[in-house]
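Shown next: target33.txt, containing compact mmCIF, C-alpha atoms and all ligand atoms.
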# COMPACT_ATOMS: atom_id res chain seq x y z
CA MET Y 193 99.29 -42.88 39.31
CA ALA Y 194 101.16 -41.52 36.27
CA LYS Y 195 99.26 -38.78 34.57
CA LYS Y 196 98.34 -38.92 30.91
CA GLN Y 197 101.05 -37.30 28.79
CA VAL Y 198 99.86 -35.27 25.80
CA ARG Y 199 102.38 -34.02 23.30
CA ILE Y 200 101.19 -31.06 21.26
CA ALA Y 201 102.47 -29.66 17.98
CA LEU Y 202 101.91 -26.03 17.05
CA LEU Y 203 101.55 -24.90 13.46
CA GLY Y 204 102.75 -21.31 13.60
CA PHE Y 205 104.57 -19.49 16.40
CA GLY Y 206 103.27 -15.96 15.98
CA THR Y 207 100.95 -14.14 18.37
CA VAL Y 208 98.67 -17.12 19.08
CA GLY Y 209 101.16 -20.01 18.83
CA SER Y 210 103.59 -18.38 21.23
CA GLY Y 211 100.63 -17.67 23.57
CA ILE Y 212 99.81 -21.39 23.68
CA TYR Y 213 103.45 -22.18 24.42
CA ARG Y 214 103.47 -19.67 27.29
CA ILE Y 215 100.29 -21.06 28.86
CA VAL Y 216 101.25 -24.73 28.43
CA THR Y 217 104.73 -24.26 29.88
CA GLY Y 218 103.79 -21.62 32.48
CA MET Y 219 100.75 -23.52 33.82
CA ARG Y 220 102.05 -27.07 33.34
CA ASP Y 221 101.75 -28.01 37.02
CA GLU Y 222 98.35 -26.42 37.66
CA ILE Y 223 96.91 -28.01 34.53
CA ALA Y 224 98.34 -31.40 35.51
CA ARG Y 225 96.88 -31.13 39.01
CA ARG Y 226 93.46 -29.90 37.97
CA GLU Y 227 92.95 -31.72 34.71
CA ASP Y 228 94.97 -34.89 35.27
CA VAL Y 229 96.92 -34.44 32.08
CA GLU Y 230 100.50 -33.35 31.48
CA LEU Y 231 100.74 -31.15 28.40
CA SER Y 232 103.95 -30.43 26.56
CA VAL Y 233 104.78 -28.64 23.32
CA ALA Y 234 106.82 -31.19 21.39
CA ARG Y 235 107.00 -29.68 17.91
CA VAL Y 236 106.52 -26.24 16.42
CA LEU Y 237 106.28 -25.53 12.72
CA VAL Y 238 107.81 -22.15 11.84
CA LYS Y 239 108.60 -20.40 8.59
CA ALA Y 240 112.20 -19.80 9.64
CA LEU Y 241 114.20 -21.16 12.57
CA ASP Y 242 115.31 -17.68 13.59
CA GLU Y 243 111.80 -16.17 13.92
CA PRO Y 244 111.91 -13.73 16.88
CA ASN Y 245 109.41 -15.66 19.06
CA THR Y 246 111.50 -18.84 18.96
CA LYS Y 247 113.80 -17.25 21.56
CA ILE Y 248 111.21 -17.84 24.30
CA ALA Y 249 111.65 -21.63 24.11
CA GLU Y 250 114.28 -23.40 26.21
CA ASP Y 251 114.55 -26.34 23.86
CA GLN Y 252 115.30 -25.15 20.33
CA SER Y 253 115.05 -28.68 18.93
CA ILE Y 254 111.21 -28.42 18.96
CA PHE Y 255 111.30 -26.06 15.96
CA THR Y 256 111.10 -27.29 12.40
CA THR Y 257 110.34 -25.72 9.04
CA ASN Y 258 109.05 -29.01 7.63
CA PHE Y 259 105.41 -30.02 8.22
CA GLU Y 260 106.32 -33.65 7.51
CA ASP Y 261 108.39 -33.71 10.73
CA VAL Y 262 105.25 -32.81 12.67
CA LEU Y 263 103.03 -35.30 10.88
CA ALA Y 264 105.52 -38.13 11.23
CA ASP Y 265 105.96 -37.65 14.99
CA GLU Y 266 103.88 -40.51 16.34
CA GLU Y 267 103.95 -39.16 19.87
CA VAL Y 268 102.17 -35.96 18.83
CA SER Y 269 98.43 -36.53 19.22
CA VAL Y 270 97.11 -32.94 19.06
CA ILE Y 271 97.96 -30.31 16.47
CA ALA Y 272 97.08 -26.69 17.20
CA GLU Y 273 96.84 -24.73 13.98
CA CYS Y 274 97.40 -21.02 14.46
CA MET Y 275 98.85 -19.94 11.13
CA GLY Y 276 95.77 -18.16 9.76
CA GLY Y 277 94.81 -17.87 6.09
CA GLU Y 278 93.43 -20.54 3.81
CA GLU Y 279 96.56 -22.26 2.51
CA PRO Y 280 98.67 -24.06 3.53
CA ALA Y 281 96.53 -24.25 6.69
CA ARG Y 282 93.79 -26.30 4.95
CA THR Y 283 96.28 -28.80 3.53
CA PHE Y 284 98.02 -29.26 6.88
CA ILE Y 285 94.77 -29.62 8.83
CA MET Y 286 93.44 -32.21 6.37
CA ALA Y 287 96.70 -34.19 6.50
CA ALA Y 288 96.64 -34.15 10.30
CA LEU Y 289 93.00 -35.28 10.49
CA ASN Y 290 93.54 -37.98 7.90
CA ALA Y 291 96.44 -39.23 10.01
CA GLY Y 292 94.11 -39.44 13.04
CA LYS Y 293 95.62 -36.48 14.86
CA THR Y 294 93.20 -34.18 16.68
CA VAL Y 295 93.16 -30.61 15.38
CA VAL Y 296 92.49 -27.47 17.39
CA THR Y 297 92.24 -24.30 15.31
CA SER Y 298 91.76 -20.56 15.67
CA ASN Y 299 91.55 -20.08 11.90
CA LYS Y 300 88.07 -18.76 11.13
CA GLU Y 301 88.67 -18.38 7.40
CA VAL Y 302 89.80 -21.93 6.78
CA PHE Y 303 87.20 -23.32 9.15
CA ALA Y 304 84.24 -21.36 7.72
CA LYS Y 305 85.23 -22.35 4.19
CA HIS Y 306 86.14 -26.02 4.72
CA TRP Y 307 84.35 -27.13 7.89
CA LYS Y 308 82.35 -29.90 6.21
CA GLN Y 309 85.37 -31.48 4.53
CA MET Y 310 87.36 -31.30 7.76
CA GLU Y 311 84.58 -32.78 9.83
CA GLU Y 312 84.18 -35.69 7.41
CA ALA Y 313 87.92 -36.41 7.63
CA ALA Y 314 87.78 -36.21 11.44
CA HIS Y 315 84.81 -38.64 11.58
CA LEU Y 316 86.57 -41.11 9.32
CA SER Y 317 89.82 -41.22 11.28
CA GLY Y 318 88.26 -40.71 14.71
CA ALA Y 319 90.25 -37.52 15.31
CA GLY Y 320 88.82 -34.57 17.21
CA LEU Y 321 88.17 -31.18 15.63
CA TYR Y 322 87.93 -28.21 18.00
CA PHE Y 323 87.41 -24.57 17.08
CA GLU Y 324 86.48 -22.51 20.16
CA ALA Y 325 89.06 -19.85 19.23
CA THR Y 326 87.65 -19.24 15.74
CA VAL Y 327 85.03 -16.82 17.09
CA GLY Y 328 85.45 -14.24 19.82
CA GLY Y 329 89.08 -15.09 20.71
CA GLY Y 330 89.04 -15.92 24.40
CA ILE Y 331 85.24 -15.66 24.79
CA PRO Y 332 83.72 -19.13 25.27
CA VAL Y 333 80.93 -18.59 22.77
CA ILE Y 334 81.19 -21.81 20.77
CA ARG Y 335 80.87 -24.01 23.85
CA THR Y 336 78.08 -21.80 25.17
CA LEU Y 337 76.12 -22.61 22.01
CA THR Y 338 77.03 -26.31 21.82
CA HIS Y 339 77.16 -27.29 25.49
CA SER Y 340 75.10 -24.81 27.45
CA MET Y 341 72.05 -23.95 25.37
CA GLN Y 342 70.77 -27.36 24.23
CA GLY Y 343 67.41 -26.71 25.91
CA ASN Y 344 66.68 -23.82 23.59
CA ASN Y 345 65.88 -22.90 20.07
CA VAL Y 346 68.27 -20.07 19.40
CA GLU Y 347 66.25 -17.31 17.78
CA SER Y 348 68.89 -14.66 17.22
CA ILE Y 349 72.53 -13.74 17.65
CA MET Y 350 73.88 -10.22 17.43
CA GLY Y 351 77.58 -9.76 17.90
CA ILE Y 352 80.47 -7.38 17.80
CA ILE Y 353 82.94 -10.03 16.63
CA ASN Y 354 85.63 -7.94 15.01
CA GLY Y 355 87.82 -5.95 17.36
CA THR Y 356 89.58 -3.84 14.73
CA THR Y 357 86.36 -2.31 13.43
CA ASN Y 358 85.00 -1.76 16.93
CA TYR Y 359 88.24 0.00 17.85
CA ILE Y 360 87.90 2.25 14.78
CA LEU Y 361 84.20 3.03 15.32
CA THR Y 362 84.83 3.75 19.02
CA ALA Y 363 87.63 6.21 18.19
CA MET Y 364 85.52 7.86 15.47
CA SER Y 365 82.67 8.27 17.93
CA GLU Y 366 84.62 9.39 21.01
CA GLU Y 367 87.16 11.59 19.24
CA GLY Y 368 84.96 12.91 16.41
CA ARG Y 369 87.37 11.69 13.72
CA GLU Y 370 86.89 10.32 10.21
CA PHE Y 371 87.36 6.65 9.28
CA ALA Y 372 90.51 7.07 7.13
CA ASP Y 373 92.26 9.09 9.81
CA VAL Y 374 91.58 6.56 12.59
CA LEU Y 375 92.49 3.63 10.33
CA ARG Y 376 95.85 5.19 9.47
CA GLU Y 377 96.66 5.68 13.13
CA ALA Y 378 95.49 2.14 14.03
CA GLN Y 379 97.77 0.73 11.33
CA ALA Y 380 100.72 2.77 12.56
CA LYS Y 381 100.16 1.43 16.12
CA GLY Y 382 99.78 -2.15 14.88
CA TYR Y 383 96.08 -2.41 15.90
CA ALA Y 384 94.99 -2.76 12.27
CA GLU Y 385 96.66 -4.86 9.58
CA PHE Y 386 98.74 -3.34 6.78
CA ASP Y 387 96.01 -4.68 4.45
CA PRO Y 388 92.91 -3.99 6.54
CA THR Y 389 90.36 -5.34 4.04
CA ALA Y 390 89.47 -8.55 5.91
CA ASP Y 391 88.55 -6.58 9.00
CA VAL Y 392 87.11 -3.29 7.72
CA GLU Y 393 85.11 -4.78 4.87
CA GLY Y 394 83.51 -7.39 7.15
CA PHE Y 395 85.10 -10.61 5.82
CA ASP Y 396 86.44 -11.64 9.23
CA ALA Y 397 83.01 -11.09 10.83
CA MET Y 398 81.37 -12.95 7.92
CA TYR Y 399 83.48 -16.09 8.60
CA LYS Y 400 82.67 -15.89 12.28
CA ILE Y 401 78.90 -15.39 11.98
CA SER Y 402 78.70 -18.23 9.46
CA ILE Y 403 80.21 -20.50 12.16
CA LEU Y 404 77.96 -19.16 14.93
CA ALA Y 405 74.79 -19.29 12.82
CA SER Y 406 75.53 -22.88 11.77
CA LEU Y 407 75.79 -23.94 15.41
CA ALA Y 408 72.85 -21.83 16.54
CA PHE Y 409 70.47 -23.16 13.90
CA ASN Y 410 71.98 -26.67 13.59
CA THR Y 411 72.46 -26.33 9.88
CA ARG Y 412 75.23 -25.22 7.63
CA VAL Y 413 75.20 -21.51 6.90
CA PRO Y 414 77.76 -21.07 4.13
CA ILE Y 415 79.63 -17.80 3.86
CA GLU Y 416 77.99 -17.23 0.47
CA ARG Y 417 74.65 -16.80 2.33
CA VAL Y 418 76.00 -14.04 4.59
CA TYR Y 419 75.20 -10.50 3.43
CA ARG Y 420 78.34 -8.41 4.03
CA GLU Y 421 79.00 -4.69 4.20
CA GLY Y 422 82.01 -3.10 5.94
CA ILE Y 423 82.51 0.19 7.81
CA SER Y 424 84.61 2.15 5.29
CA LYS Y 425 81.65 4.30 4.23
CA VAL Y 426 80.59 5.31 7.75
CA THR Y 427 81.27 9.00 8.35
CA LYS Y 428 81.66 11.03 11.52
CA GLN Y 429 78.51 12.88 10.41
CA ASP Y 430 76.56 9.57 10.47
CA ILE Y 431 77.90 8.89 13.95
CA GLY Y 432 76.85 12.38 15.11
CA TYR Y 433 73.33 12.05 13.65
CA ALA Y 434 72.97 8.53 15.09
CA ARG Y 435 73.74 9.97 18.51
CA GLU Y 436 71.00 12.59 18.05
CA PHE Y 437 68.62 9.67 17.59
CA GLY Y 438 70.01 8.08 20.80
CA CYS Y 439 72.06 5.44 18.98
CA ALA Y 440 75.64 4.22 18.51
CA ILE Y 441 76.97 2.74 15.27
CA LYS Y 442 78.51 -0.73 15.53
CA LEU Y 443 79.59 -3.33 12.98
CA LEU Y 444 77.12 -6.05 13.93
CA ALA Y 445 77.06 -9.64 12.78
CA ILE Y 446 73.44 -10.72 12.94
CA ALA Y 447 71.81 -14.13 12.54
CA LYS Y 448 68.08 -14.66 12.98
CA MET Y 449 65.72 -17.57 12.57
CA LYS Y 450 62.19 -16.38 11.88
CA GLU Y 451 59.41 -18.79 10.94
CA GLY Y 452 61.90 -21.27 9.51
CA ARG Y 453 63.76 -18.66 7.50
CA ILE Y 454 67.37 -17.79 8.23
CA GLU Y 455 68.84 -14.32 7.76
CA VAL Y 456 72.53 -13.74 8.27
CA ARG Y 457 74.24 -10.42 7.75
CA VAL Y 458 77.20 -8.24 8.66
CA HIS Y 459 76.83 -4.48 8.34
CA PRO Y 460 77.27 -1.22 10.22
CA THR Y 461 74.21 -0.88 12.41
CA MET Y 462 72.61 1.76 14.61
CA VAL Y 463 71.83 0.38 18.07
CA PRO Y 464 70.14 2.33 20.89
CA LEU Y 465 72.61 3.59 23.49
CA GLU Y 466 70.73 1.57 26.16
CA HIS Y 467 71.45 -1.70 24.31
CA PRO Y 468 74.29 -3.62 26.04
CA LEU Y 469 76.16 -3.90 22.71
CA ALA Y 470 76.33 -0.10 22.43
CA ALA Y 471 78.55 -0.03 25.54
CA VAL Y 472 81.20 -2.35 24.06
CA ARG Y 473 84.18 -0.08 23.47
CA GLY Y 474 87.56 -0.37 21.80
CA SER Y 475 88.77 -3.74 20.57
CA PHE Y 476 86.50 -5.75 22.87
CA ASN Y 477 84.04 -8.27 21.42
CA ALA Y 478 80.58 -9.22 22.68
CA VAL Y 479 77.93 -11.67 21.57
CA PHE Y 480 74.26 -11.29 22.45
CA ILE Y 481 72.28 -14.52 22.06
CA HIS Y 482 68.54 -14.99 22.45
CA GLY Y 483 67.22 -18.46 23.21
CA ASN Y 484 63.50 -19.17 23.43
CA ASN Y 485 63.84 -20.49 27.01
CA VAL Y 486 66.91 -18.86 28.51
CA ASP Y 487 65.96 -15.44 27.07
CA ASP Y 488 68.99 -13.13 26.60
CA VAL Y 489 72.60 -14.19 27.19
CA MET Y 490 75.53 -11.85 26.62
CA LEU Y 491 79.21 -12.79 26.53
CA TYR Y 492 81.90 -10.13 26.57
CA GLY Y 493 85.67 -10.23 26.39
CA ARG Y 494 88.82 -10.10 24.36
CA GLY Y 495 88.20 -11.23 20.80
CA ALA Y 496 91.85 -11.41 19.80
CA GLY Y 497 95.35 -11.28 21.21
CA SER Y 498 97.97 -13.77 22.22
CA LEU Y 499 96.90 -15.07 25.64
CA PRO Y 500 93.11 -14.64 25.22
CA THR Y 501 93.05 -16.65 21.99
CA ALA Y 502 95.54 -19.17 23.38
CA SER Y 503 93.33 -19.51 26.47
CA ALA Y 504 90.49 -20.81 24.26
CA MET Y 505 92.85 -23.14 22.38
CA VAL Y 506 94.36 -24.61 25.55
CA SER Y 507 90.82 -25.27 26.78
CA ASP Y 508 90.11 -27.10 23.50
CA ILE Y 509 93.32 -29.13 23.90
CA ILE Y 510 92.39 -30.17 27.44
CA ILE Y 511 88.86 -31.16 26.42
CA ALA Y 512 90.23 -33.01 23.39
CA CYS Y 513 92.41 -35.21 25.57
CA SER Y 514 90.02 -35.63 28.49
CA GLY Y 515 89.24 -39.21 27.48
CA HIS Y 516 85.64 -38.48 26.39
CA GLU Y 517 84.61 -39.44 22.91
CA HIS Y 518 85.08 -36.59 20.44
CA ARG Y 519 81.80 -34.87 19.59
CA TYR Y 520 80.99 -33.15 16.34
CA PRO Y 521 78.04 -30.75 16.08
CA LEU Y 522 75.07 -32.49 14.48
CA LEU Y 523 74.33 -30.13 11.65
CA ASP Y 524 71.47 -30.93 9.28
CA ALA Y 525 72.87 -32.17 5.97
CA ASN Y 526 74.70 -29.32 4.29
CA GLY Y 527 72.16 -26.58 4.52
CA ASP Y 528 70.77 -27.06 1.04
CA GLY Y 529 67.24 -27.53 2.37
CA ASN Y 530 67.20 -24.26 4.26
CA THR Y 531 65.37 -21.18 3.31
CA PHE Y 532 67.54 -18.12 3.54
CA GLU Y 533 65.85 -14.74 3.77
CA ASP Y 534 67.44 -11.96 1.76
CA ASP Y 535 64.55 -9.53 2.02
CA TRP Y 536 64.67 -9.06 5.76
CA GLU Y 537 62.96 -6.36 7.76
CA SER Y 538 64.63 -3.58 9.68
CA GLU Y 539 64.36 0.08 10.40
CA PHE Y 540 66.59 2.32 8.33
CA TYR Y 541 68.50 5.55 8.78
CA VAL Y 542 69.18 7.63 5.69
CA HIS Y 543 70.99 10.92 5.31
CA MET Y 544 70.65 12.99 2.14
CA LYS Y 545 71.63 16.39 0.80
CA VAL Y 546 68.75 18.17 -0.94
CA LEU Y 547 67.75 21.52 -2.40
CA ASP Y 548 66.13 23.62 0.29
CA LYS Y 549 62.89 24.73 -1.34
CA PRO Y 550 59.15 24.21 -0.85
CA GLY Y 551 57.77 20.76 -1.56
CA VAL Y 552 61.05 18.79 -1.47
CA LEU Y 553 60.39 17.00 1.81
CA ALA Y 554 56.85 16.14 0.69
CA ARG Y 555 58.14 14.75 -2.59
CA ILE Y 556 60.71 12.52 -0.86
CA ALA Y 557 58.14 11.37 1.70
CA GLY Y 558 55.83 10.57 -1.21
CA VAL Y 559 58.42 8.23 -2.78
CA PHE Y 560 58.92 6.41 0.54
CA GLY Y 561 55.13 6.05 0.85
CA LYS Y 562 54.78 4.73 -2.69
CA HIS Y 563 57.21 1.91 -1.80
CA GLN Y 564 55.39 1.11 1.46
CA VAL Y 565 58.25 2.53 3.56
CA SER Y 566 56.76 4.30 6.55
CA LEU Y 567 58.70 7.15 8.14
CA ALA Y 568 59.23 7.28 11.92
CA SER Y 569 61.08 10.60 12.17
CA VAL Y 570 62.89 13.21 10.18
CA ILE Y 571 65.25 16.01 11.12
CA GLN Y 572 66.43 18.85 8.94
CA LYS Y 573 69.92 20.13 9.63
CA GLU Y 574 71.26 23.64 9.09
CA PRO Y 575 71.94 24.26 5.41
CA ASP Y 576 75.63 24.30 4.45
CA SER Y 577 74.85 26.84 1.74
CA ASN Y 578 71.84 29.06 1.12
CA ASP Y 579 69.90 26.64 -1.01
CA THR Y 580 70.81 23.19 0.32
CA ALA Y 581 69.77 21.25 3.40
CA HIS Y 582 70.57 17.93 5.02
CA LEU Y 583 67.65 15.64 5.77
CA VAL Y 584 67.97 12.65 8.06
CA PHE Y 585 65.18 10.06 8.16
CA ILE Y 586 64.48 7.05 10.33
CA THR Y 587 61.93 4.62 8.93
CA HIS Y 588 59.64 2.15 10.64
CA LYS Y 589 60.36 -1.52 9.89
CA SER Y 590 60.59 -1.99 6.15
CA ARG Y 591 61.66 -4.71 3.79
CA GLU Y 592 65.18 -4.45 2.39
CA LYS Y 593 64.05 -4.47 -1.23
CA ALA Y 594 61.30 -1.89 -0.74
CA PHE Y 595 63.72 0.46 0.99
CA GLY Y 596 66.34 -0.09 -1.75
CA ALA Y 597 63.79 0.68 -4.47
CA ALA Y 598 62.67 3.86 -2.67
CA ILE Y 599 66.27 5.07 -2.33
CA GLU Y 600 66.98 4.38 -5.99
CA GLU Y 601 64.01 6.52 -6.99
CA ILE Y 602 64.92 9.26 -4.50
CA GLU Y 603 68.49 9.39 -5.85
CA GLY Y 604 66.98 10.17 -9.26
CA LEU Y 605 64.96 13.18 -8.04
CA PRO Y 606 66.34 16.48 -9.36
CA GLU Y 607 66.03 18.08 -5.90
CA VAL Y 608 68.25 15.42 -4.27
CA SER Y 609 71.99 16.12 -4.64
CA ALA Y 610 73.16 12.92 -2.94
CA VAL Y 611 72.21 10.14 -0.54
CA LEU Y 612 75.20 10.40 1.76
CA GLY Y 613 74.63 7.63 4.25
CA ARG Y 614 72.30 4.75 4.97
CA LEU Y 615 72.30 2.33 7.86
CA ARG Y 616 70.09 -0.35 9.33
CA VAL Y 617 68.79 0.03 12.88
CA GLU Y 618 68.44 -2.89 15.34
CA HIS Y 619 67.02 -2.98 18.86
N1 LIG Y 701 91.25 -9.42 13.17
C1 LIG Y 701 90.32 -9.87 14.16
C2 LIG Y 701 89.71 -8.68 14.86
C3 LIG Y 701 90.91 -10.76 15.19
O1 LIG Y 701 90.05 -7.53 14.57
O2 LIG Y 701 88.87 -8.92 15.70
C4 LIG Y 701 91.06 -12.16 14.75
O3 LIG Y 701 89.83 -12.71 14.39

As structure tokens, the full file:
Amino acid sequence: MAKKQVRIALLGFGTVGSGIYRIVTGMRDEIARREDVELSVARVLVKALDEPNTKIAEDQSIFTTNFEDVLADEEVSVIAECMGGEEPARTFIMAALNAGKTVVTSNKEVFAKHWKQMEEAAHLSGAGLYFEATVGGGIPVIRTLTHSMQGNNVESIMGIINGTTNYILTAMSEEGREFADVLREAQAKGYAEFDPTADVEGFDAMYKISILASLAFNTRVPIERVYREGISKVTKQDIGYAREFGCAIKLLAIAKMKEGRIEVRVHPTMVPLEHPLAAVRGSFNAVFIHGNNVDDVMLYGRGAGSLPTASAMVSDIIIACSGHEHRYPLLDANGDGNTFEDDWESEFYVHMKVLDKPGVLARIAGVFGKHQVSLASVIQKEPDSNDTAHLVFITHKSREKAFGAAIEEIEGLPEVSAVLGRLRVEH
């Protein structure tokens, strides 16, 4: 019997788009045999016809610089968007969905910002909307949440979902180098973008955790509700002190549901060295999910890159054309009815430079106590001059606002030269 033919269009032919082309053409026969569908790349939207990657295609007539050519091709039923950025990706995705074409995307920014609008358009036209590659590159984390954990209430997610920052923190930790130095080298090698803001300041992780938290808690978690702090203030001294407390520093994206309240945050975090996330090195990603019945699940793999990301998108394409009805996650309304927690509890690490004289430690401890912040441990480091010392504290679980108020008061003490670092600790 003739197999189903599916003609795909790619929007963008950079790292990810060319990866999809390679998998679809290189595995055409295996996919046809196993999945009963013959995939072909029929159209590719590029910025210029002489882009370097276009050379890999046998048939140069698939390339166009005009989106209308893609939209008007009635034989194309699936559009894989891998351009990145908000516009024109949003406009193209909306036009495709409105025209009834199924969209598969790896674009976390456009998806996190416009998911609701896109899903409404998909519902109306009956098109599919698939986004496995928006989080964790090749790691099947979206389908794990939507198709493999339905018998659970997801209680928490903690993830390393940005490879660039994990690469930088790993190099800082293993080579004892400062942030700016590692970043410069990563940029020179092409591991970090020329403008690294989206990665190092936590925007990329913010988009991704907003998508994961929405699926985990079945409600929309808009990016505006995600607390965000990047890694640019982490120092090699912080990393050294964290290790003395038996911890690594990771940029974690965290989402928790506690007594009906949702907390979602991205920030550099101290995690005990025994925690599985502490062992995730380099540009790898990992997501640690806790469900009330399954207990802990951890997924690990390549969060970016040509073939890993394309692997997730090809899987979406195959599922999209498998003949099943398209499914859209059933999220409660638009999240307006949710209670978001912005005064969450965690342990804290704080490093300060103080005058080394009698009574200083007691005075600082007194301020913490006044704000109901209980101290778990303190170490005093060798003074770097005769009359100064470095104090490093770890607190017991405290509320965010209480800790912030204590630090503000401590920064005003005449004996405190500077609060040099502060981090949250998770277990
Ligand atoms: N820039 C991302 C990262 C990959 O560093 O993980 C794409 O989401």

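Between Asn477 (chain Y) and the residues Y:Lys425, Y:Lys442, Y:His516, Y:Lys196, the shortest atom-to-atom distance, using only C-alpha atoms, involves Y:Lys442.
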
Fewer than 2 positions away in the same chain doesn't count, so skip those; otherwise give me all residues within 8 Å of Ala568 (chain Y), counting all atoms listed in the file, as an mmCIF file with C-alpha atoms, in the frame of the given file.
data_model
loop_
_atom_site.group_PDB
_atom_site.id
_atom_site.type_symbol
_atom_site.label_atom_id
_atom_site.label_comp_id
_atom_site.auth_asym_id
_atom_site.auth_seq_id
_atom_site.Cartn_x
_atom_site.Cartn_y
_atom_site.Cartn_z
ATOM 1 C CA SER Y 566 56.760 4.300 6.550
ATOM 2 C CA VAL Y 570 62.890 13.210 10.180
ATOM 3 C CA PHE Y 585 65.180 10.060 8.160
ATOM 4 C CA ILE Y 586 64.480 7.050 10.330
ATOM 5 C CA THR Y 587 61.930 4.620 8.930
ATOM 6 C CA HIS Y 588 59.640 2.150 10.640
#

Counting all atoms listed in the file, the option among Y:Leu337, Y:Phe371, Y:Leu237, Y:Asn245 closest to Leu263 (chain Y):
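Closest to Leu263 (chain Y), using all atoms listed in the file: Y:Leu237.
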
I'd like the contact shell of region 537-550 of chain Y - 6 Å cut-off, all atoms listed in the file, skipping same-chain residues fewer than 6 positions apart - returned as a ChimeraX atom specification.
/Y:579-591,607-617

Find the spatial neighbours of region 512-515 of chain Y, counting only C-alpha atoms, within a cut-off of 10 Å - ignore same-chain residues fewer than 3 positions away - and output them as JSON, numbers by chain.
{"Y": [196, 197, 198, 227, 228, 229, 231, 269, 270, 294, 295, 296, 319, 320, 321, 322, 506, 507, 508, 509, 518, 519]}

For the residues selected in the previous step, produce a file with C-alpha atoms as a PDB file, in the frame of the given file.
ATOM      1  CA  LYS Y 196      98.340 -38.920  30.910  1.00  0.00           C
ATOM      2  CA  GLN Y 197     101.050 -37.300  28.790  1.00  0.00           C
ATOM      3  CA  VAL Y 198      99.860 -35.270  25.800  1.00  0.00           C
ATOM      4  CA  GLU Y 227      92.950 -31.720  34.710  1.00  0.00           C
ATOM      5  CA  ASP Y 228      94.970 -34.890  35.270  1.00  0.00           C
ATOM      6  CA  VAL Y 229      96.920 -34.440  32.080  1.00  0.00           C
ATOM      7  CA  LEU Y 231     100.740 -31.150  28.400  1.00  0.00           C
ATOM      8  CA  SER Y 269      98.430 -36.530  19.220  1.00  0.00           C
ATOM      9  CA  VAL Y 270      97.110 -32.940  19.060  1.00  0.00           C
ATOM     10  CA  THR Y 294      93.200 -34.180  16.680  1.00  0.00           C
ATOM     11  CA  VAL Y 295      93.160 -30.610  15.380  1.00  0.00           C
ATOM     12  CA  VAL Y 296      92.490 -27.470  17.390  1.00  0.00           C
ATOM     13  CA  ALA Y 319      90.250 -37.520  15.310  1.00  0.00           C
ATOM     14  CA  GLY Y 320      88.820 -34.570  17.210  1.00  0.00           C
ATOM     15  CA  LEU Y 321      88.170 -31.180  15.630  1.00  0.00           C
ATOM     16  CA  TYR Y 322      87.930 -28.210  18.000  1.00  0.00           C
ATOM     17  CA  VAL Y 506      94.360 -24.610  25.550  1.00  0.00           C
ATOM     18  CA  SER Y 507      90.820 -25.270  26.780  1.00  0.00           C
ATOM     19  CA  ASP Y 508      90.110 -27.100  23.500  1.00  0.00           C
ATOM     20  CA  ILE Y 509      93.320 -29.130  23.900  1.00  0.00           C
ATOM     21  CA  HIS Y 518      85.080 -36.590  20.440  1.00  0.00           C
ATOM     22  CA  ARG Y 519      81.800 -34.870  19.590  1.00  0.00           C
TER      23      ARG Y 519
END

Can you tell me how far CA of Ala445 (chain Y) sits from CA of Ala304 (chain Y), in Å to one decimal?
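For CA of Ala445 (chain Y) relative to CA of Ala304 (chain Y), the distance reads 14.6 Å.
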
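With distances restricted to only C-alpha atoms, Y:Ala314 is the closest residue to Met286 (chain Y) from Y:Ala314, Y:Val463, Y:Lys305, Y:Val418.
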
Among the residues Y:Val392, Y:Met505, Y:Met490, Y:Ala598, the one that comes closest to ligand LIG 701 (chain Y) [using only C-alpha atoms and all ligand atoms]:
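Smallest separation from ligand LIG 701 (chain Y) among the options: Y:Val392.
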
What are the centre and the three edge lengths of an axis-aligned box that wraps all atoms of ligand LIG 701 (chain Y) in the file, given that 6 Å is added to every side, written as lines of an AutoDock Vina configuration file and rounded to one decimal in Å?
center_x = 90.1
center_y = -10.1
center_z = 14.4
size_x = 14.4
size_y = 17.2
size_z = 14.5

Could you give me, as a PyMOL selection string, the residues within 10 Å of Ala234 (chain Y), counting all atoms listed in the file and dropping anything in the same chain fewer than 6 positions from it?
chain Y and resi 198-202+251+253-255+262+265+267-268
